[in-house]
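*Asks:* Just so it is clear, I am handing over model12.txt, which has compact mmCIF, C-alpha atoms.
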# COMPACT_ATOMS: atom_id res chain seq x y z
CA MET A 1 67.28 53.29 -75.85
CA THR A 2 63.51 53.55 -76.40
CA GLU A 3 63.60 50.23 -78.22
CA LEU A 4 65.41 48.69 -75.28
CA THR A 5 62.86 50.09 -72.82
CA ASP A 6 60.02 48.78 -74.97
CA LYS A 7 61.61 45.33 -75.06
CA ASN A 8 62.11 45.48 -71.31
CA LYS A 9 58.45 46.35 -70.82
CA ARG A 10 57.32 43.45 -72.97
CA THR A 11 59.50 40.84 -71.28
CA ARG A 12 58.64 41.93 -67.73
CA PHE A 13 55.46 40.27 -66.47
CA VAL A 14 53.53 39.76 -63.25
CA PRO A 15 53.84 36.06 -62.34
CA GLY A 16 50.27 34.68 -62.12
CA GLN A 17 47.10 36.63 -61.45
CA PRO A 18 47.51 40.06 -59.82
CA ASP A 19 44.64 39.15 -57.43
CA MET A 20 46.86 36.47 -55.90
CA TRP A 21 49.57 39.07 -55.29
CA ALA A 22 47.04 41.31 -53.53
CA PHE A 23 46.07 38.33 -51.36
CA VAL A 24 49.75 37.49 -50.64
CA LEU A 25 50.55 41.05 -49.55
CA PHE A 26 47.39 41.21 -47.42
CA GLU A 27 48.10 37.86 -45.73
CA THR A 28 51.66 38.97 -45.03
CA LEU A 29 50.33 42.06 -43.24
CA VAL A 30 47.95 39.96 -41.12
CA PHE A 31 50.80 37.62 -40.14
CA THR A 32 53.06 40.60 -39.39
CA ALA A 33 50.43 41.79 -36.91
CA TYR A 34 50.40 38.36 -35.18
CA PHE A 35 54.22 38.35 -35.10
CA GLY A 36 54.25 41.89 -33.69
CA PHE A 37 51.99 40.94 -30.76
CA TYR A 38 54.08 37.85 -30.09
CA LEU A 39 57.40 39.77 -30.08
CA PHE A 40 55.96 42.55 -27.91
CA TYR A 41 54.75 40.16 -25.21
CA ARG A 42 57.88 38.06 -25.52
CA ALA A 43 60.13 41.08 -24.98
CA LYS A 44 58.05 42.08 -21.94
CA SER A 45 58.45 38.75 -20.15
CA PRO A 46 61.55 37.09 -21.63
CA GLU A 47 62.07 34.40 -18.95
CA LEU A 48 58.62 32.94 -19.48
CA PHE A 49 59.07 32.68 -23.25
CA LEU A 50 62.66 31.42 -23.02
CA HIS A 51 61.52 28.64 -20.70
CA GLY A 52 58.87 27.55 -23.22
CA GLN A 53 61.23 27.90 -26.18
CA ALA A 54 63.79 25.65 -24.46
CA GLN A 55 61.30 22.76 -24.91
CA LEU A 56 61.51 23.04 -28.72
CA ASP A 57 64.12 21.20 -30.75
CA LEU A 58 65.80 23.70 -33.07
CA ARG A 59 67.13 20.89 -35.28
CA ILE A 60 63.57 19.77 -36.12
CA GLY A 61 62.72 23.38 -37.01
CA VAL A 62 65.78 23.63 -39.26
CA LEU A 63 64.90 20.34 -40.97
CA ASN A 64 61.28 21.49 -41.50
CA THR A 65 62.51 24.73 -43.04
CA LEU A 66 64.92 22.95 -45.40
CA VAL A 67 62.11 20.61 -46.54
CA LEU A 68 59.75 23.52 -47.22
CA LEU A 69 62.50 25.44 -49.05
CA LEU A 70 63.04 22.30 -51.19
CA SER A 71 59.32 22.29 -52.01
CA SER A 72 59.51 25.95 -53.03
CA TRP A 73 62.47 25.22 -55.29
CA SER A 74 60.54 22.33 -56.77
CA VAL A 75 57.43 24.40 -57.57
CA ALA A 76 59.67 27.14 -59.05
CA ARG A 77 61.12 24.50 -61.42
CA CYS A 78 57.57 23.35 -62.19
CA VAL A 79 56.64 26.88 -63.36
CA GLN A 80 59.75 27.17 -65.56
CA SER A 81 59.18 23.74 -67.12
CA ALA A 82 55.52 24.50 -67.87
CA ARG A 83 56.55 27.83 -69.45
CA VAL A 84 58.68 26.09 -72.09
CA GLY A 85 56.13 23.31 -72.62
CA ALA A 86 58.02 20.56 -70.72
CA TYR A 87 54.78 19.38 -69.07
CA ARG A 88 56.08 15.97 -68.02
CA ALA A 89 58.88 17.58 -66.00
CA ALA A 90 56.43 20.19 -64.66
CA LEU A 91 54.02 17.49 -63.49
CA ARG A 92 56.84 15.55 -61.82
CA ASP A 93 57.91 18.69 -59.93
CA GLY A 94 54.28 19.35 -58.98
CA TYR A 95 54.02 15.90 -57.38
CA LEU A 96 57.41 16.34 -55.71
CA THR A 97 56.23 19.65 -54.19
CA ALA A 98 53.15 17.93 -52.75
CA PHE A 99 55.29 15.10 -51.37
CA LEU A 100 57.66 17.56 -49.63
CA GLY A 101 54.67 19.51 -48.28
CA LEU A 102 53.28 16.26 -46.89
CA ALA A 103 56.63 15.46 -45.24
CA PHE A 104 56.54 18.89 -43.56
CA MET A 105 52.97 18.30 -42.44
CA VAL A 106 53.69 14.89 -40.89
CA SER A 107 56.74 16.28 -39.10
CA LYS A 108 54.64 19.15 -37.72
CA VAL A 109 51.94 16.81 -36.40
CA LEU A 110 54.61 14.61 -34.75
CA GLU A 111 56.16 17.68 -33.13
CA TRP A 112 52.75 18.81 -31.81
CA ALA A 113 52.09 15.31 -30.42
CA ARG A 114 55.51 15.29 -28.74
CA GLN A 115 54.93 18.69 -27.12
CA ILE A 116 51.47 17.71 -25.88
CA ARG A 117 52.89 14.46 -24.43
CA MET A 118 55.52 16.56 -22.62
CA GLY A 119 52.68 18.57 -21.04
CA ASN A 120 53.12 21.62 -23.28
CA GLY A 121 49.53 22.04 -24.48
CA PHE A 122 47.85 25.12 -25.98
CA GLY A 123 47.16 26.70 -22.60
CA SER A 124 50.24 25.51 -20.70
CA SER A 125 52.13 28.80 -21.11
CA ASP A 126 51.96 32.03 -23.15
CA PHE A 127 54.78 30.74 -25.34
CA PHE A 128 52.91 27.56 -26.24
CA THR A 129 49.68 29.47 -26.88
CA TYR A 130 51.57 31.49 -29.51
CA TYR A 131 53.41 28.39 -30.72
CA PHE A 132 50.20 26.44 -31.38
CA PHE A 133 48.38 29.47 -32.76
CA LEU A 134 51.12 30.44 -35.24
CA THR A 135 52.01 26.89 -36.35
CA GLY A 136 48.28 26.03 -36.45
CA ILE A 137 47.29 28.94 -38.65
CA HIS A 138 50.26 28.17 -40.90
CA PHE A 139 49.06 24.55 -41.04
CA VAL A 140 45.65 25.75 -42.29
CA HIS A 141 47.44 27.67 -45.08
CA LEU A 142 49.40 24.51 -45.88
CA VAL A 143 46.17 22.48 -46.18
CA ILE A 144 44.80 25.13 -48.57
CA GLY A 145 48.17 24.80 -50.35
CA PHE A 146 47.35 21.16 -51.10
CA VAL A 147 44.08 22.20 -52.76
CA VAL A 148 46.08 24.75 -54.78
CA LEU A 149 48.64 22.09 -55.78
CA GLY A 150 45.71 19.86 -56.75
CA VAL A 151 44.52 22.60 -59.13
CA LEU A 152 48.07 22.91 -60.49
CA VAL A 153 48.38 19.17 -61.19
CA TYR A 154 44.83 19.06 -62.65
CA GLN A 155 45.78 21.88 -65.01
CA LEU A 156 49.02 20.24 -66.11
CA ARG A 157 47.53 16.79 -66.72
CA SER A 158 45.44 17.74 -69.73
CA ALA A 159 46.56 19.72 -72.77
CA ALA A 160 43.08 21.26 -73.01
CA ARG A 161 43.23 22.79 -69.55
CA ARG A 162 46.79 24.09 -69.36
CA SER A 163 47.09 27.72 -68.38
CA GLN A 164 50.50 29.14 -67.55
CA GLU A 165 48.90 32.01 -65.62
CA LEU A 166 47.10 29.59 -63.32
CA VAL A 167 50.25 27.51 -62.79
CA GLU A 168 52.10 30.68 -61.74
CA THR A 169 49.22 31.74 -59.48
CA CYS A 170 49.30 28.37 -57.68
CA ALA A 171 53.09 28.55 -57.31
CA THR A 172 52.85 32.08 -55.88
CA TYR A 173 50.51 30.80 -53.17
CA TRP A 174 52.83 27.89 -52.35
CA HIS A 175 55.86 30.19 -52.03
CA THR A 176 53.83 32.34 -49.62
CA VAL A 177 53.25 29.31 -47.38
CA ASP A 178 57.03 28.80 -47.53
CA PHE A 179 58.13 32.34 -46.64
CA LEU A 180 55.54 32.65 -43.86
CA TRP A 181 57.11 29.54 -42.34
CA VAL A 182 60.59 31.09 -42.73
CA LEU A 183 59.38 33.96 -40.51
CA ILE A 184 57.47 31.75 -38.04
CA PHE A 185 60.48 29.44 -37.67
CA ALA A 186 62.84 32.36 -36.95
CA LEU A 187 60.46 33.90 -34.41
CA LEU A 188 59.49 30.75 -32.51
CA TYR A 189 62.74 28.78 -32.54
CA VAL A 190 65.63 31.22 -32.77
CA VAL A 191 64.66 34.69 -31.55
CA ARG A 192 65.78 35.44 -27.98
CA MET B 1 58.76 15.34 -75.34
CA ILE B 2 60.32 18.70 -74.48
CA ASP B 3 63.17 18.55 -72.03
CA ILE B 4 64.29 21.45 -69.89
CA LYS B 5 67.88 22.36 -69.03
CA PHE B 6 68.72 22.17 -65.32
CA ASN B 7 68.48 25.68 -63.87
CA LYS B 8 71.63 26.25 -61.79
CA ARG B 9 70.42 29.63 -60.55
CA LEU B 10 67.53 28.04 -58.63
CA LEU B 11 69.93 25.51 -57.07
CA VAL B 12 72.21 28.35 -55.91
CA VAL B 13 69.17 30.19 -54.48
CA TRP B 14 68.17 27.08 -52.50
CA LEU B 15 71.75 26.63 -51.25
CA VAL B 16 71.93 30.27 -50.08
CA LEU B 17 68.55 29.99 -48.32
CA SER B 18 69.64 26.72 -46.67
CA ALA B 19 72.97 28.22 -45.57
CA LEU B 20 71.11 31.15 -43.98
CA THR B 21 68.84 28.63 -42.22
CA LEU B 22 71.83 26.64 -40.94
CA ALA B 23 73.41 29.89 -39.73
CA TYR B 24 70.67 29.93 -37.05
CA LEU B 25 72.21 26.77 -35.55
CA TRP B 26 75.52 28.58 -35.21
CA ILE B 27 73.88 31.73 -33.77
CA ASP B 28 71.91 29.59 -31.32
CA HIS B 29 75.00 27.65 -30.28
CA SER B 30 77.22 30.70 -29.85
CA VAL B 31 74.79 32.56 -27.55
CA ASP B 32 74.26 29.78 -24.98
CA GLY B 33 77.11 29.26 -22.58
CA GLY B 34 75.86 26.71 -20.08
CA GLY B 35 73.02 25.07 -22.00
CA SER B 36 70.09 27.18 -20.74
CA LEU B 37 68.61 29.75 -23.15
CA ARG B 38 69.47 33.41 -22.62
CA GLY B 39 67.72 36.49 -23.89
CA SER B 40 69.65 38.63 -26.36
CA ALA B 41 68.58 41.69 -28.32
CA VAL B 42 71.55 41.20 -30.69
CA VAL B 43 70.42 37.65 -31.54
CA THR B 44 66.80 38.76 -31.97
CA SER B 45 67.78 41.63 -34.29
CA SER B 46 70.13 39.44 -36.37
CA VAL B 47 67.53 36.70 -36.67
CA ILE B 48 64.83 39.14 -37.85
CA VAL B 49 67.23 40.68 -40.40
CA ILE B 50 68.31 37.24 -41.71
CA ALA B 51 64.67 36.07 -41.98
CA SER B 52 63.77 39.26 -43.89
CA ILE B 53 66.69 38.70 -46.30
CA LYS B 54 65.43 35.14 -46.87
CA VAL B 55 61.90 36.42 -47.59
CA ARG B 56 63.31 38.93 -50.12
CA ILE B 57 65.31 36.17 -51.85
CA ILE B 58 62.16 34.00 -52.07
CA PHE B 59 60.19 36.95 -53.51
CA ARG B 60 62.82 37.85 -56.11
CA GLU B 61 64.06 34.45 -57.20
CA PHE B 62 61.45 31.75 -56.48
CA MET B 63 58.44 34.02 -57.02
CA GLU B 64 60.08 35.61 -60.09
CA VAL B 65 59.64 39.19 -58.90
CA ARG B 66 63.08 39.84 -60.42
CA GLN B 67 61.44 39.62 -63.85
CA ALA B 68 58.23 41.38 -62.83
CA PRO B 69 57.27 45.01 -63.52
CA VAL B 70 59.20 47.53 -61.41
CA LEU B 71 56.06 48.32 -59.38
CA LEU B 72 55.89 44.76 -58.01
CA CYS B 73 59.65 44.80 -57.27
CA ARG B 74 59.29 48.03 -55.29
CA LEU B 75 56.11 46.87 -53.57
CA THR B 76 57.59 43.57 -52.37
CA ASP B 77 60.79 45.34 -51.25
CA ALA B 78 58.69 47.83 -49.30
CA TRP B 79 56.80 44.93 -47.73
CA VAL B 80 60.03 43.22 -46.60
CA VAL B 81 61.22 46.49 -45.01
CA LEU B 82 57.79 46.97 -43.42
CA ILE B 83 57.88 43.46 -41.90
CA ALA B 84 61.43 43.88 -40.54
CA VAL B 85 60.83 47.36 -39.11
CA SER B 86 57.49 46.37 -37.52
CA LEU B 87 58.96 43.27 -35.89
CA LEU B 88 62.02 45.09 -34.56
CA ALA B 89 59.84 47.97 -33.31
CA CYS B 90 57.42 45.62 -31.48
CA TYR B 91 60.32 43.79 -29.85
CA PHE B 92 62.15 46.93 -28.70
CA VAL B 93 58.95 48.63 -27.45
CA GLY B 94 58.34 45.46 -25.39
CA VAL B 95 61.90 45.62 -24.04
CA ALA B 96 61.47 49.32 -23.13
CA LEU B 97 58.22 48.61 -21.25
CA ARG B 98 59.67 45.67 -19.29
Here is a file; write its structure as structure tokens.

*Replies:*
Amino acid sequence: MTELTDKNKRTRFVPGQPDMWAFVLFETLVFTAYFGFYLFYRAKSPELFLHGQAQLDLRIGVLNTLVLLLSSWSVARCVQSARVGAYRAALRDGYLTAFLGLAFMVSKVLEWARQIRMGNGFGSSDFFTYYFFLTGIHFVHLVIGFVVLGVLVYQLRSAARRSQELVETCATYWHTVDFLWVLIFALLYVVR
Amino acid sequence: MIDIKFNKRLLVVWLVLSALTLAYLWIDHSVDGGGSLRGSAVVTSSVIVIASIKVRIIFREFMEVRQAPVLLCRLTDAWVVLIAVSLLACYFVGVALR
């Protein structure tokens, strides 16, 4: 039994640097506060928010989410490949993650442009103020995500630089960008 | 060159997350009778719960918390509960103050 517990202890590990986990949990709290304000005001004046929400296309939101979930899957595969030394496969998945992130980004910019053309700017209604604020701040995290993916690819490209801990740290950040979007998508597009 | 076996578990995780995402389309469709959006506390609560389940799956499977020390498992679980409870509380307080 003790032997089993010891083995269990050895094989269990924190993925990446613990500092990144502290950052992830902190960021999640900050976003939860934003979401809380949004839901509170939304519940207080439902008609106003429903009218704004009706201008969004849920199908685009679903597609965006599926693309970002694909990118998360891809970076998860990248971590597993790097762990067993399959660096070619890891690098390929790293590039694929960046490509999917870029597809999400382009789609987001097109959606913003479409809303602005329809007259739904940042100050047009409370709903769109929250919409642009939440998607905008997520976009900033996504841009930082590209720097992080750059570090990941840079690490994987040379045998001298490879560090599994850093690869896991980068992946942890990317997954955070993904699950924050999962929450933002649910709150902006689907909540009533 | 080292090759890696295709990990079916990650594929299943992605499929489950995608199915939960597509479930929103069904929820959205079933709540609107005549095309215009209607407010619904049931929809809001279900959507927040589904989103929280998705976040927990991402934590455990994609972020490998499943294999992490128990402390991180408990901490991330507590976070998911904290998010869900805070969001539901903010929504229902807003409804009560309407």

*Asks:* Please return, as a list of chain:residue names, all residues of chain B lying within 6 Å of chain A when all atoms listed in the file are considered.

*Replies:*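 Residues of chain B within 6 Å of chain A, counting all atoms listed in the file: B:Ile2, B:Asp3, B:Gly39, B:Ser40, B:Thr44, B:Ala51, B:Val55, B:Phe62, B:Gln67, B:Ala68, B:Pro69, B:Leu87, B:Cys90, B:Tyr91, B:Gly94, B:Val95, B:Arg98.
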
*Asks:* In Å, how far is it from atom CA of A:Ile60 to atom CA of B:Leu88?

*Replies:*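 Taking atom CA of A:Ile60 and atom CA of B:Leu88, their separation equals 25.4 Å.
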
*Asks:* Set the distance at 12 Å and use all atoms listed in the file: which residues neighbour A:Gln155 once local chain neighbours fewer than 5 positions away are removed? I'd like the list as JSON, numbers by chain.

*Replies:* {"A": [82, 87, 90, 91, 94, 148, 149, 150, 160, 161, 162, 163, 164, 165, 166, 167, 168, 169, 170]}

*Asks:* Box time for stretch 5-24 of chain B: axis-aligned, enclosing all its listed atoms, 5 Å extra on each side; report centre and edge lengths in Å to one decimal, as JSON.

*Replies:*
{"center_x": 70.5, "center_y": 26.7, "center_z": -53.0, "size_x": 15.9, "size_y": 19.0, "size_z": 42.0}

*Asks:* Select stretch 97-116 of chain A in the preceding structure and write N, CA and C atoms to a file as a CSV table (one decimal), in the first residue's frame.

*Replies:*
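Saved as selection_27.csv:
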chain,number,residue,atom,x,y,z
A,97,THR,N,-1.7,24.6,-33.8
A,97,THR,CA,-2.3,25.4,-32.7
A,97,THR,C,-2.3,26.9,-33.1
A,98,ALA,N,-1.2,27.4,-33.6
A,98,ALA,CA,-1.1,28.8,-33.9
A,98,ALA,C,-2.0,29.1,-35.1
A,99,PHE,N,-2.1,28.2,-36.1
A,99,PHE,CA,-2.9,28.4,-37.2
A,99,PHE,C,-4.4,28.5,-36.8
A,100,LEU,N,-4.8,27.6,-35.9
A,100,LEU,CA,-6.2,27.6,-35.4
A,100,LEU,C,-6.5,28.9,-34.6
A,101,GLY,N,-5.5,29.3,-33.8
A,101,GLY,CA,-5.6,30.5,-33.1
A,101,GLY,C,-5.8,31.7,-34.0
A,102,LEU,N,-5.1,31.7,-35.1
A,102,LEU,CA,-5.2,32.8,-36.1
A,102,LEU,C,-6.5,32.8,-36.8
A,103,ALA,N,-7.0,31.6,-37.1
A,103,ALA,CA,-8.4,31.5,-37.7
A,103,ALA,C,-9.4,32.1,-36.8
A,104,PHE,N,-9.3,31.8,-35.5
A,104,PHE,CA,-10.2,32.4,-34.5
A,104,PHE,C,-10.1,33.9,-34.5
A,105,MET,N,-8.9,34.4,-34.5
A,105,MET,CA,-8.6,35.8,-34.5
A,105,MET,C,-9.3,36.5,-35.7
A,106,VAL,N,-9.0,36.0,-36.9
A,106,VAL,CA,-9.6,36.6,-38.1
A,106,VAL,C,-11.1,36.6,-38.0
A,107,SER,N,-11.7,35.5,-37.6
A,107,SER,CA,-13.1,35.4,-37.5
A,107,SER,C,-13.7,36.5,-36.5
A,108,LYS,N,-12.9,36.7,-35.4
A,108,LYS,CA,-13.4,37.7,-34.4
A,108,LYS,C,-13.3,39.1,-35.0
A,109,VAL,N,-12.3,39.4,-35.7
A,109,VAL,CA,-12.1,40.7,-36.3
A,109,VAL,C,-13.3,41.0,-37.3
A,110,LEU,N,-13.6,39.9,-38.1
A,110,LEU,CA,-14.6,40.0,-39.1
A,110,LEU,C,-16.0,40.3,-38.4
A,111,GLU,N,-16.2,39.6,-37.3
A,111,GLU,CA,-17.4,39.7,-36.5
A,111,GLU,C,-17.6,41.1,-36.0
A,112,TRP,N,-16.4,41.7,-35.4
A,112,TRP,CA,-16.4,43.0,-34.9
A,112,TRP,C,-16.8,44.0,-36.0
A,113,ALA,N,-16.1,43.8,-37.2
A,113,ALA,CA,-16.4,44.7,-38.3
A,113,ALA,C,-17.8,44.7,-38.7
A,114,ARG,N,-18.4,43.5,-38.7
A,114,ARG,CA,-19.8,43.3,-39.1
A,114,ARG,C,-20.7,44.1,-38.1
A,115,GLN,N,-20.4,43.9,-36.9
A,115,GLN,CA,-21.3,44.6,-35.8
A,115,GLN,C,-21.2,46.1,-35.9
A,116,ILE,N,-20.0,46.6,-36.2
A,116,ILE,CA,-19.8,48.0,-36.3
A,116,ILE,C,-20.5,48.6,-37.5
